[in-house]
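Asks: As input, take my_file36.cif (mmCIF, C-alpha atoms):
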```cif
data_start
loop_
_atom_site.label_atom_id
_atom_site.label_comp_id
_atom_site.auth_asym_id
_atom_site.auth_seq_id
_atom_site.Cartn_x
_atom_site.Cartn_y
_atom_site.Cartn_z
CA MET E 1 37.93 26.49 62.93
CA SER E 2 34.90 25.25 61.01
CA SER E 3 33.44 21.80 60.87
CA THR E 4 31.07 20.08 58.46
CA VAL E 5 28.19 18.05 59.76
CA ALA E 6 27.32 15.17 57.46
CA GLY E 7 23.64 14.43 56.95
CA PRO E 8 22.14 10.97 56.93
CA PRO E 9 23.01 8.89 53.85
CA GLU E 10 20.42 8.97 51.08
CA VAL E 11 18.32 5.83 50.87
CA ALA E 12 17.52 4.53 47.39
CA ILE E 13 13.81 3.96 46.93
CA ASP E 14 12.74 0.88 45.02
CA TYR E 15 9.79 1.03 42.60
CA PRO E 16 9.33 -2.66 41.86
CA GLU E 17 7.37 -4.75 39.41
CA GLY E 18 4.08 -6.48 40.28
CA PRO E 19 2.68 -8.30 42.07
CA ARG E 20 0.48 -9.43 39.21
CA VAL E 21 -3.19 -10.32 39.65
CA PRO E 22 -3.82 -13.76 38.12
CA GLU E 23 -6.07 -13.52 35.07
CA GLY E 24 -7.92 -15.97 32.87
CA ASP E 25 -7.40 -16.76 29.22
CA LEU E 26 -10.19 -14.39 28.16
CA GLN E 27 -8.57 -11.43 29.88
CA THR E 28 -5.08 -12.30 28.62
CA ARG E 29 -6.20 -12.61 25.00
CA ARG E 30 -8.05 -9.31 24.97
CA ARG E 31 -5.18 -7.51 26.71
CA VAL E 32 -2.54 -8.78 24.28
CA GLU E 33 -4.72 -7.98 21.25
CA LEU E 34 -5.11 -4.38 22.36
CA LEU E 35 -1.44 -3.97 23.27
CA VAL E 36 -0.27 -5.26 19.87
CA ALA E 37 -2.83 -3.21 17.93
CA LEU E 38 -2.04 0.06 19.69
CA ARG E 39 1.74 -0.33 19.57
CA GLN E 40 1.68 -1.25 15.87
CA TRP E 41 -0.62 1.69 15.14
CA TYR E 42 1.60 4.28 16.82
CA ASP E 43 4.75 2.78 15.30
CA SER E 44 3.26 2.87 11.80
CA ARG E 45 2.17 6.49 12.24
CA GLY E 46 5.52 7.55 13.65
CA VAL E 47 3.97 9.29 16.66
CA GLU E 48 6.92 10.52 18.72
CA GLY E 49 6.72 9.98 22.46
CA ALA E 50 3.70 7.65 22.25
CA TRP E 51 3.89 4.87 24.83
CA VAL E 52 1.55 1.91 25.33
CA CYS E 53 2.03 -0.39 28.30
CA SER E 54 0.17 -3.35 29.69
CA ASP E 55 -0.09 -4.57 33.28
CA LEU E 56 2.88 -2.42 34.31
CA ASN E 57 3.17 -0.74 37.70
CA ILE E 58 2.74 3.02 37.28
CA TYR E 59 4.18 5.10 40.12
CA TYR E 60 3.05 8.70 40.22
CA ARG E 61 4.22 10.13 43.53
CA GLU E 62 7.99 10.33 43.76
CA GLY E 63 9.29 9.01 47.04
CA ASP E 64 6.17 6.96 47.82
CA PRO E 65 6.19 3.50 46.15
CA LYS E 66 2.85 2.66 47.81
CA VAL E 67 1.07 5.05 45.44
CA VAL E 68 0.82 2.78 42.42
CA VAL E 69 -1.66 1.44 39.90
CA ALA E 70 -1.25 -1.13 37.09
CA PRO E 71 -3.79 -0.74 34.25
CA ASP E 72 -4.36 -3.58 31.83
CA ILE E 73 -3.76 -1.02 29.07
CA ALA E 74 -2.42 2.53 29.42
CA VAL E 75 -1.44 5.10 26.79
CA ALA E 76 0.69 8.21 27.30
CA PHE E 77 2.01 10.89 24.93
CA GLY E 78 5.10 13.09 25.19
CA VAL E 79 7.04 10.33 26.92
CA ASP E 80 10.82 10.20 27.26
CA LEU E 81 11.09 6.75 25.70
CA VAL E 82 14.67 6.24 26.84
CA ALA E 83 13.48 6.52 30.44
CA VAL E 84 10.74 3.89 30.10
CA GLU E 85 11.82 1.29 27.54
CA ASN E 86 12.75 -2.08 29.08
CA GLN E 87 12.09 -0.77 32.60
CA PRO E 88 10.32 -2.91 35.23
CA SER E 89 7.93 -0.06 36.11
CA TYR E 90 6.68 3.31 34.82
CA ARG E 91 7.62 6.31 36.94
CA VAL E 92 5.71 9.39 35.84
CA TRP E 93 8.38 11.87 36.95
CA ALA E 94 11.04 10.02 34.91
CA ALA E 95 8.81 9.41 31.90
CA GLY E 96 7.81 13.05 31.74
CA ALA E 97 4.14 12.31 31.05
CA THR E 98 1.06 10.94 32.76
CA PRO E 99 -1.04 8.35 30.94
CA CYS E 100 -4.14 9.96 29.40
CA PHE E 101 -5.96 6.66 28.77
CA ALA E 102 -6.48 3.59 30.95
CA LEU E 103 -8.50 0.44 30.34
CA GLU E 104 -9.25 -2.46 32.65
CA ILE E 105 -10.38 -5.89 31.44
CA VAL E 106 -12.52 -7.06 34.32
CA SER E 107 -12.70 -10.50 35.87
CA ALA E 108 -14.78 -11.92 38.69
CA LYS E 109 -11.90 -11.14 41.06
CA THR E 110 -11.29 -7.57 39.92
CA VAL E 111 -14.68 -6.20 38.87
CA ARG E 112 -15.51 -4.54 42.21
CA THR E 113 -12.10 -2.90 42.39
CA ASP E 114 -12.33 -1.82 38.75
CA LEU E 115 -15.74 -0.24 39.40
CA HIS E 116 -15.32 1.28 42.84
CA VAL E 117 -11.59 1.76 43.58
CA LYS E 118 -9.84 2.37 40.27
CA PRO E 119 -11.81 5.51 39.25
CA ALA E 120 -10.42 7.45 42.23
CA LYS E 121 -6.91 6.15 41.57
CA TYR E 122 -7.02 7.12 37.91
CA ALA E 123 -8.37 10.55 38.78
CA ASP E 124 -5.50 10.99 41.23
CA LEU E 125 -3.05 9.85 38.57
CA GLY E 126 -4.48 12.38 36.10
CA VAL E 127 -5.93 10.01 33.51
CA ASP E 128 -8.40 11.71 31.12
CA GLU E 129 -10.37 8.61 30.09
CA TYR E 130 -11.03 5.39 31.97
CA TRP E 131 -12.59 2.41 30.18
CA ARG E 132 -13.75 -1.00 31.35
CA LEU E 133 -14.34 -4.14 29.28
CA ASP E 134 -16.17 -7.27 30.33
CA PRO E 135 -14.75 -9.96 28.02
CA THR E 136 -17.59 -12.36 28.92
CA GLY E 137 -19.99 -10.07 27.06
CA GLY E 138 -22.14 -9.07 30.01
CA ASP E 139 -21.80 -11.53 32.88
CA LEU E 140 -19.86 -8.98 34.94
CA LEU E 141 -20.74 -5.55 33.49
CA ASP E 142 -23.87 -4.19 31.86
CA PRO E 143 -23.12 -2.95 29.27
CA PRO E 144 -19.90 -4.92 28.75
CA LEU E 145 -18.10 -1.83 27.42
CA GLN E 146 -18.09 1.29 29.61
CA GLY E 147 -16.12 4.52 29.42
CA GLU E 148 -15.79 7.64 31.54
CA ARG E 149 -14.20 10.99 30.80
CA ARG E 150 -12.80 13.30 33.49
CA HIS E 151 -14.48 16.69 33.38
CA SER E 152 -14.06 19.40 36.03
CA GLY E 153 -12.61 16.84 38.42
CA ARG E 154 -15.46 14.35 38.02
CA TRP E 155 -15.99 11.26 35.90
CA THR E 156 -18.78 11.58 33.35
CA PRO E 157 -20.02 8.66 31.22
CA ILE E 158 -18.93 8.36 27.61
CA GLU E 159 -21.78 7.40 25.30
CA VAL E 160 -21.57 3.74 24.28
CA ALA E 161 -24.19 2.90 21.68
CA PRO E 162 -25.38 -0.32 20.00
CA ASP E 163 -23.58 -0.87 16.72
CA GLY E 164 -23.95 -3.83 14.36
CA GLY E 165 -24.62 -6.40 17.05
CA GLY E 166 -21.98 -4.92 19.31
CA LEU E 167 -21.19 -1.63 21.03
CA ARG E 168 -19.21 1.46 20.04
CA GLY E 169 -17.81 4.35 22.05
CA ARG E 170 -15.41 7.11 21.06
CA SER E 171 -12.10 7.87 22.75
CA ASP E 172 -11.32 11.54 22.17
CA VAL E 173 -7.82 11.26 23.62
CA LEU E 174 -6.86 8.44 21.24
CA GLY E 175 -8.89 9.49 18.22
CA LEU E 176 -10.26 5.95 18.05
CA ASP E 177 -13.61 4.22 18.35
CA LEU E 178 -13.66 1.32 20.81
CA CYS E 179 -15.92 -1.32 19.29
CA TRP E 180 -17.10 -4.40 21.14
CA ARG E 181 -17.30 -7.11 18.48
CA PRO E 182 -17.70 -10.31 20.48
CA PRO E 183 -15.38 -11.85 21.41
CA LYS E 184 -12.97 -8.97 20.68
CA LEU E 185 -12.65 -5.29 21.44
CA ARG E 186 -11.66 -3.78 18.08
CA LEU E 187 -10.20 -0.31 17.54
CA TRP E 188 -11.31 1.86 14.63
CA ASP E 189 -9.09 4.64 13.29
CA ILE E 190 -11.51 7.55 12.81
CA ALA E 191 -9.19 9.60 10.60
CA VAL E 192 -8.22 6.80 8.21
CA GLY E 193 -11.44 4.78 8.39
CA ALA E 194 -9.83 1.41 9.08
CA TRP E 195 -9.45 -1.16 11.83
CA LEU E 196 -6.23 -1.30 13.81
CA LEU E 197 -4.52 -4.64 13.22
CA ASP E 198 -4.25 -6.97 16.19
CA HIS E 199 -1.99 -10.03 16.41
CA ASP E 200 -4.43 -12.30 14.55
CA ASP E 201 -4.84 -9.72 11.77
CA GLN E 202 -1.09 -9.38 11.37
CA ILE E 203 -0.64 -13.15 11.13
CA ALA E 204 -3.46 -13.39 8.57
CA ARG E 205 -1.93 -10.55 6.53
CA ALA E 206 1.51 -12.17 6.62
CA ASP E 207 0.02 -15.51 5.53
CA ALA E 208 -1.89 -13.84 2.68
CA GLU E 209 1.23 -12.01 1.51
CA ALA E 210 3.25 -15.23 1.66
CA SER E 211 0.57 -17.09 -0.33
CA ALA E 212 0.48 -14.31 -2.95
CA ARG E 213 4.27 -14.38 -3.19
CA ARG E 214 4.32 -18.17 -3.68
CA ALA E 215 1.61 -17.91 -6.34
CA ALA E 216 3.56 -15.21 -8.20
CA GLU E 217 6.76 -17.25 -8.00
CA ALA E 218 4.94 -20.34 -9.31
CA GLU E 219 3.41 -18.32 -12.15
CA LEU E 220 6.81 -16.89 -13.06
CA ALA E 221 8.39 -20.36 -13.00
CA GLU E 222 5.63 -21.70 -15.24
CA LEU E 223 6.09 -18.81 -17.67
CA ARG E 224 9.84 -19.39 -17.83
CA ALA E 225 9.23 -23.09 -18.46
CA ARG E 226 6.88 -22.30 -21.34
CA LEU E 227 9.35 -19.88 -22.87
CA GLY E 228 12.04 -22.52 -22.59
CA ASP E 229 9.87 -25.13 -24.36
CA SER E 230 9.07 -22.72 -27.20
CA ARG E 231 12.70 -22.21 -28.14
#
```
Rewrite the structure of this file - the entire thing - as C-alpha cells.

Replies:
Amino acid sequence: MSSTVAGPPEVAIDYPEGPRVPEGDLQTRRRVELLVALRQWYDSRGVEGAWVCSDLNIYYREGDPKVVVAPDIAVAFGVDLVAVENQPSYRVWAAGATPCFALEIVSAKTVRTDLHVKPAKYADLGVDEYWRLDPTGGDLLDPPLQGERRHSGRWTPIEVAPDGGGLRGRSDVLGLDLCWRPPKLRLWDIAVGAWLLDHDDQIARADAEASARRAAEAELAELRARLGDSR
C-alpha cells in the first residue's frame, strides 16, 4: 500500500506598489515631461516591446520582494507588454526584460542615495546607463546632469559637455541626446534631428493646429459669403 505525503501549501508572494518618496514640484514636472516625451516617441515610432515607466517598483529577484528599486524614469526593450501594462509593479521575470536605462531626478532628500546607493542597485539590476538630473540647476549636483555607463562591471562617466548655455550628453542605449535646457531636460532624436515632444509641446502643437483650423474655416466661410454676394 502506498501513501502520498503532501508538501506545505505554496505561499503567494506579494510584490506591492510604493511606498513613494515625497517629491517637490520641480521633480514632478521634470519626471512627467520625460515620461510623456519618451512614451509618445516610442508610440510614434512603433517600437515593439518598448516600455517606459516612472516611479514604479521594479522587482528583479523572484521570490524576494525586498530586492526592489523604483527609478524616476526607466526604459526597457523586448518587454511582454501584456505582463506589465496596468500592473502595480514591474517584475523582471514576468516582463521578460531588464531596464537598460534609469534616471533619477534628485532632491535634497534623495541626492545622497542617488549618488551612493543607487549605482550598486542599478548594476545589480543590470541597467546599462544610469543618469542623474538636478532640477535646481546645480544646487545639489555639479554638473546638474550626470551619466554613467556600465562597462566590464564598473560604472564609467558619460561625457556631458557645455552646449548652448546648457549641457548635453549622449545615451547610446536610447539613441538620444539628453540636453539640460534650464529649467527642462530635453531629449534630442539623433537619427531624425528633432526634439522629442513633451506635454507642453503637445499642448502647444494642438493649440496651433486648432488655431490654423479655425482660420481656414473662417477663410472658407468668407469665400463662400463673397461667392454668394456675387450671384

Asks: Can you report as lines of an AutoDock Vina configuration file the centre and edge lengths in Å, to one decimal, of an axis-aligned box around the listed atoms of segment 42-55 of chain E padded with 3 Å on each side?

Replies:
```
center_x = 3.4
center_y = 3.0
center_z = 22.5
size_x = 13.0
size_y = 21.1
size_z = 27.5
```

Asks: For segment 27-42 of chain E, list every protein, DNA or RNA residue within 7 Å, evaluated using only C-alpha atoms, and leave out those in the same chain fewer than 2 positions away; present the list as a ChimeraX atom specification.

Replies: /E:23-25,44-47,50,52,54,72-73,105,135,184,196-199

Asks: Could you take the residues named above and write them with C-alpha atoms, as a JSON list (two decimals), in the frame of the given file?

Replies:
```
[["chain", "number", "residue", "atom", "x", "y", "z"],
["E", 23, "GLU", "CA", -6.07, -13.52, 35.07],
["E", 24, "GLY", "CA", -7.92, -15.97, 32.87],
["E", 25, "ASP", "CA", -7.40, -16.76, 29.22],
["E", 44, "SER", "CA", 3.26, 2.87, 11.80],
["E", 45, "ARG", "CA", 2.17, 6.49, 12.24],
["E", 46, "GLY", "CA", 5.52, 7.55, 13.65],
["E", 47, "VAL", "CA", 3.97, 9.29, 16.66],
["E", 50, "ALA", "CA", 3.70, 7.65, 22.25],
["E", 52, "VAL", "CA", 1.55, 1.91, 25.33],
["E", 54, "SER", "CA", 0.17, -3.35, 29.69],
["E", 72, "ASP", "CA", -4.36, -3.58, 31.83],
["E", 73, "ILE", "CA", -3.76, -1.02, 29.07],
["E", 105, "ILE", "CA", -10.38, -5.89, 31.44],
["E", 135, "PRO", "CA", -14.75, -9.96, 28.02],
["E", 184, "LYS", "CA", -12.97, -8.97, 20.68],
["E", 196, "LEU", "CA", -6.23, -1.30, 13.81],
["E", 197, "LEU", "CA", -4.52, -4.64, 13.22],
["E", 198, "ASP", "CA", -4.25, -6.97, 16.19],
["E", 199, "HIS", "CA", -1.99, -10.03, 16.41]]
```

Asks: Pick out the closest residue to Val75 of chain E from this set: E:Gly164, E:Pro16, E:Pro99, E:Gly169. Count only C-alpha atoms.

Replies: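 Closest to Val75 of chain E of all the choices is E:Pro99.
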
Asks: What residues come out when you apply the PyMOL selection byres ((chain E and resi 144) around 10) to this file, written as a list in words?

Replies: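 Applying the PyMOL selection byres ((chain E and resi 144) around 10) to the structure shown produces Ile105, Val106, Arg132, Leu133, Asp134, Pro135, Thr136, Gly137, Gly138, Asp139, Leu140, Leu141, Asp142, Pro143, Leu145, Gln146, Val160, Gly166, Leu167 and Trp180 of chain E.
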
Asks: Written as a count of residues only, what is the full residue list that the PyMOL selection byres ((chain E and resi 119) around 10) yields on the file shown?

Replies: 20

Asks: Distance atom CA of Ala76 of chain E-atom CA of Arg149 of chain E, one decimal place?

Replies: 15.5 Å

Asks: Between atom CA of Ala74 of chain E and atom CA of Ile13 of chain E, what is the distance, to one decimal in Å?

Replies: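 For atom CA of Ala74 of chain E relative to atom CA of Ile13 of chain E, the distance reads 23.9 Å.
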
Asks: Do you know which residues are at most 10 Å from Gly78 of chain E counting all atoms listed in the file, after dropping those on the same chain fewer than 6 positions away, and could you put them as an NGL selection string?

Replies: :E and (47-51 or 95-99)

Asks: Could you model all heavy atoms for segment 43-54 of chain E and present them as a PDB file, in the coordinates of the input?

Replies:
```pdb
ATOM      1  N   ASP E  43       3.486   2.954  16.025  1.00  0.00           N
ATOM      2  CA  ASP E  43       4.750   2.780  15.300  1.00  0.00           C
ATOM      3  C   ASP E  43       4.571   3.113  13.822  1.00  0.00           C
ATOM      4  O   ASP E  43       5.419   3.780  13.223  1.00  0.00           O
ATOM      5  CB  ASP E  43       5.244   1.329  15.445  1.00  0.00           C
ATOM      6  CG  ASP E  43       5.805   1.038  16.825  1.00  0.00           C
ATOM      7  OD1 ASP E  43       6.077   2.001  17.569  1.00  0.00           O
ATOM      8  OD2 ASP E  43       5.966  -0.152  17.159  1.00  0.00           O
ATOM      9  N   SER E  44       3.470   2.645  13.237  1.00  0.00           N
ATOM     10  CA  SER E  44       3.260   2.870  11.800  1.00  0.00           C
ATOM     11  C   SER E  44       2.998   4.336  11.496  1.00  0.00           C
ATOM     12  O   SER E  44       3.298   4.812  10.401  1.00  0.00           O
ATOM     13  CB  SER E  44       2.078   2.020  11.306  1.00  0.00           C
ATOM     14  OG  SER E  44       0.856   2.451  11.895  1.00  0.00           O
ATOM     15  N   ARG E  45       2.449   5.066  12.451  1.00  0.00           N
ATOM     16  CA  ARG E  45       2.170   6.490  12.240  1.00  0.00           C
ATOM     17  C   ARG E  45       3.355   7.375  12.621  1.00  0.00           C
ATOM     18  O   ARG E  45       3.360   8.570  12.347  1.00  0.00           O
ATOM     19  CB  ARG E  45       0.954   6.909  13.072  1.00  0.00           C
ATOM     20  CG  ARG E  45      -0.348   6.297  12.585  1.00  0.00           C
ATOM     21  CD  ARG E  45      -1.515   6.773  13.407  1.00  0.00           C
ATOM     22  NE  ARG E  45      -1.578   8.220  13.472  1.00  0.00           N
ATOM     23  CZ  ARG E  45      -2.546   8.889  14.092  1.00  0.00           C
ATOM     24  NH1 ARG E  45      -3.514   8.226  14.691  1.00  0.00           N
ATOM     25  NH2 ARG E  45      -2.553  10.205  14.117  1.00  0.00           N
ATOM     26  N   GLY E  46       4.339   6.785  13.265  1.00  0.00           N
ATOM     27  CA  GLY E  46       5.520   7.550  13.650  1.00  0.00           C
ATOM     28  C   GLY E  46       5.229   8.620  14.687  1.00  0.00           C
ATOM     29  O   GLY E  46       5.822   9.706  14.642  1.00  0.00           O
ATOM     30  N   VAL E  47       4.324   8.326  15.623  1.00  0.00           N
ATOM     31  CA  VAL E  47       3.970   9.290  16.660  1.00  0.00           C
ATOM     32  C   VAL E  47       5.083   9.322  17.715  1.00  0.00           C
ATOM     33  O   VAL E  47       5.267   8.358  18.455  1.00  0.00           O
ATOM     34  CB  VAL E  47       2.617   8.945  17.311  1.00  0.00           C
ATOM     35  CG1 VAL E  47       2.280   9.958  18.403  1.00  0.00           C
ATOM     36  CG2 VAL E  47       1.519   8.902  16.263  1.00  0.00           C
ATOM     37  N   GLU E  48       5.817  10.412  17.770  1.00  0.00           N
ATOM     38  CA  GLU E  48       6.920  10.520  18.720  1.00  0.00           C
ATOM     39  C   GLU E  48       6.405  10.621  20.152  1.00  0.00           C
ATOM     40  O   GLU E  48       5.446  11.335  20.421  1.00  0.00           O
ATOM     41  CB  GLU E  48       7.771  11.752  18.411  1.00  0.00           C
ATOM     42  CG  GLU E  48       8.741  11.552  17.263  1.00  0.00           C
ATOM     43  CD  GLU E  48       9.742  12.681  17.168  1.00  0.00           C
ATOM     44  OE1 GLU E  48      10.254  13.110  18.219  1.00  0.00           O
ATOM     45  OE2 GLU E  48       9.986  13.128  16.044  1.00  0.00           O
ATOM     46  N   GLY E  49       7.066   9.894  21.036  1.00  0.00           N
ATOM     47  CA  GLY E  49       6.720   9.980  22.460  1.00  0.00           C
ATOM     48  C   GLY E  49       5.450   9.262  22.831  1.00  0.00           C
ATOM     49  O   GLY E  49       4.953   9.427  23.948  1.00  0.00           O
ATOM     50  N   ALA E  50       4.893   8.447  21.915  1.00  0.00           N
ATOM     51  CA  ALA E  50       3.700   7.650  22.250  1.00  0.00           C
ATOM     52  C   ALA E  50       4.157   6.375  22.949  1.00  0.00           C
ATOM     53  O   ALA E  50       5.079   5.696  22.488  1.00  0.00           O
ATOM     54  CB  ALA E  50       2.907   7.333  21.005  1.00  0.00           C
ATOM     55  N   TRP E  51       3.496   6.047  24.051  1.00  0.00           N
ATOM     56  CA  TRP E  51       3.890   4.870  24.830  1.00  0.00           C
ATOM     57  C   TRP E  51       2.647   4.092  25.232  1.00  0.00           C
ATOM     58  O   TRP E  51       1.703   4.665  25.780  1.00  0.00           O
ATOM     59  CB  TRP E  51       4.671   5.291  26.063  1.00  0.00           C
ATOM     60  CG  TRP E  51       5.104   4.147  26.931  1.00  0.00           C
ATOM     61  CD1 TRP E  51       4.605   3.804  28.152  1.00  0.00           C
ATOM     62  CD2 TRP E  51       6.121   3.182  26.645  1.00  0.00           C
ATOM     63  NE1 TRP E  51       5.243   2.698  28.649  1.00  0.00           N
ATOM     64  CE2 TRP E  51       6.183   2.292  27.740  1.00  0.00           C
ATOM     65  CE3 TRP E  51       6.978   2.990  25.559  1.00  0.00           C
ATOM     66  CZ2 TRP E  51       7.073   1.229  27.782  1.00  0.00           C
ATOM     67  CZ3 TRP E  51       7.873   1.923  25.616  1.00  0.00           C
ATOM     68  CH2 TRP E  51       7.918   1.065  26.717  1.00  0.00           C
ATOM     69  N   VAL E  52       2.648   2.805  24.946  1.00  0.00           N
ATOM     70  CA  VAL E  52       1.550   1.910  25.330  1.00  0.00           C
ATOM     71  C   VAL E  52       2.131   0.833  26.220  1.00  0.00           C
ATOM     72  O   VAL E  52       3.117   0.176  25.859  1.00  0.00           O
ATOM     73  CB  VAL E  52       0.896   1.261  24.093  1.00  0.00           C
ATOM     74  CG1 VAL E  52      -0.306   0.418  24.518  1.00  0.00           C
ATOM     75  CG2 VAL E  52       0.488   2.313  23.070  1.00  0.00           C
ATOM     76  N   CYS E  53       1.548   0.667  27.400  1.00  0.00           N
ATOM     77  CA  CYS E  53       2.030  -0.390  28.300  1.00  0.00           C
ATOM     78  C   CYS E  53       0.862  -1.222  28.785  1.00  0.00           C
ATOM     79  O   CYS E  53      -0.302  -0.814  28.725  1.00  0.00           O
ATOM     80  CB  CYS E  53       2.818   0.188  29.467  1.00  0.00           C
ATOM     81  SG  CYS E  53       1.887   1.281  30.559  1.00  0.00           S
ATOM     82  N   SER E  54       1.188  -2.412  29.252  1.00  0.00           N
ATOM     83  CA  SER E  54       0.170  -3.350  29.690  1.00  0.00           C
ATOM     84  C   SER E  54       0.581  -4.004  30.990  1.00  0.00           C
ATOM     85  O   SER E  54       1.680  -4.571  31.088  1.00  0.00           O
ATOM     86  CB  SER E  54      -0.035  -4.433  28.607  1.00  0.00           C
ATOM     87  OG  SER E  54      -0.907  -5.438  29.053  1.00  0.00           O
TER      88      SER E  54
END
```
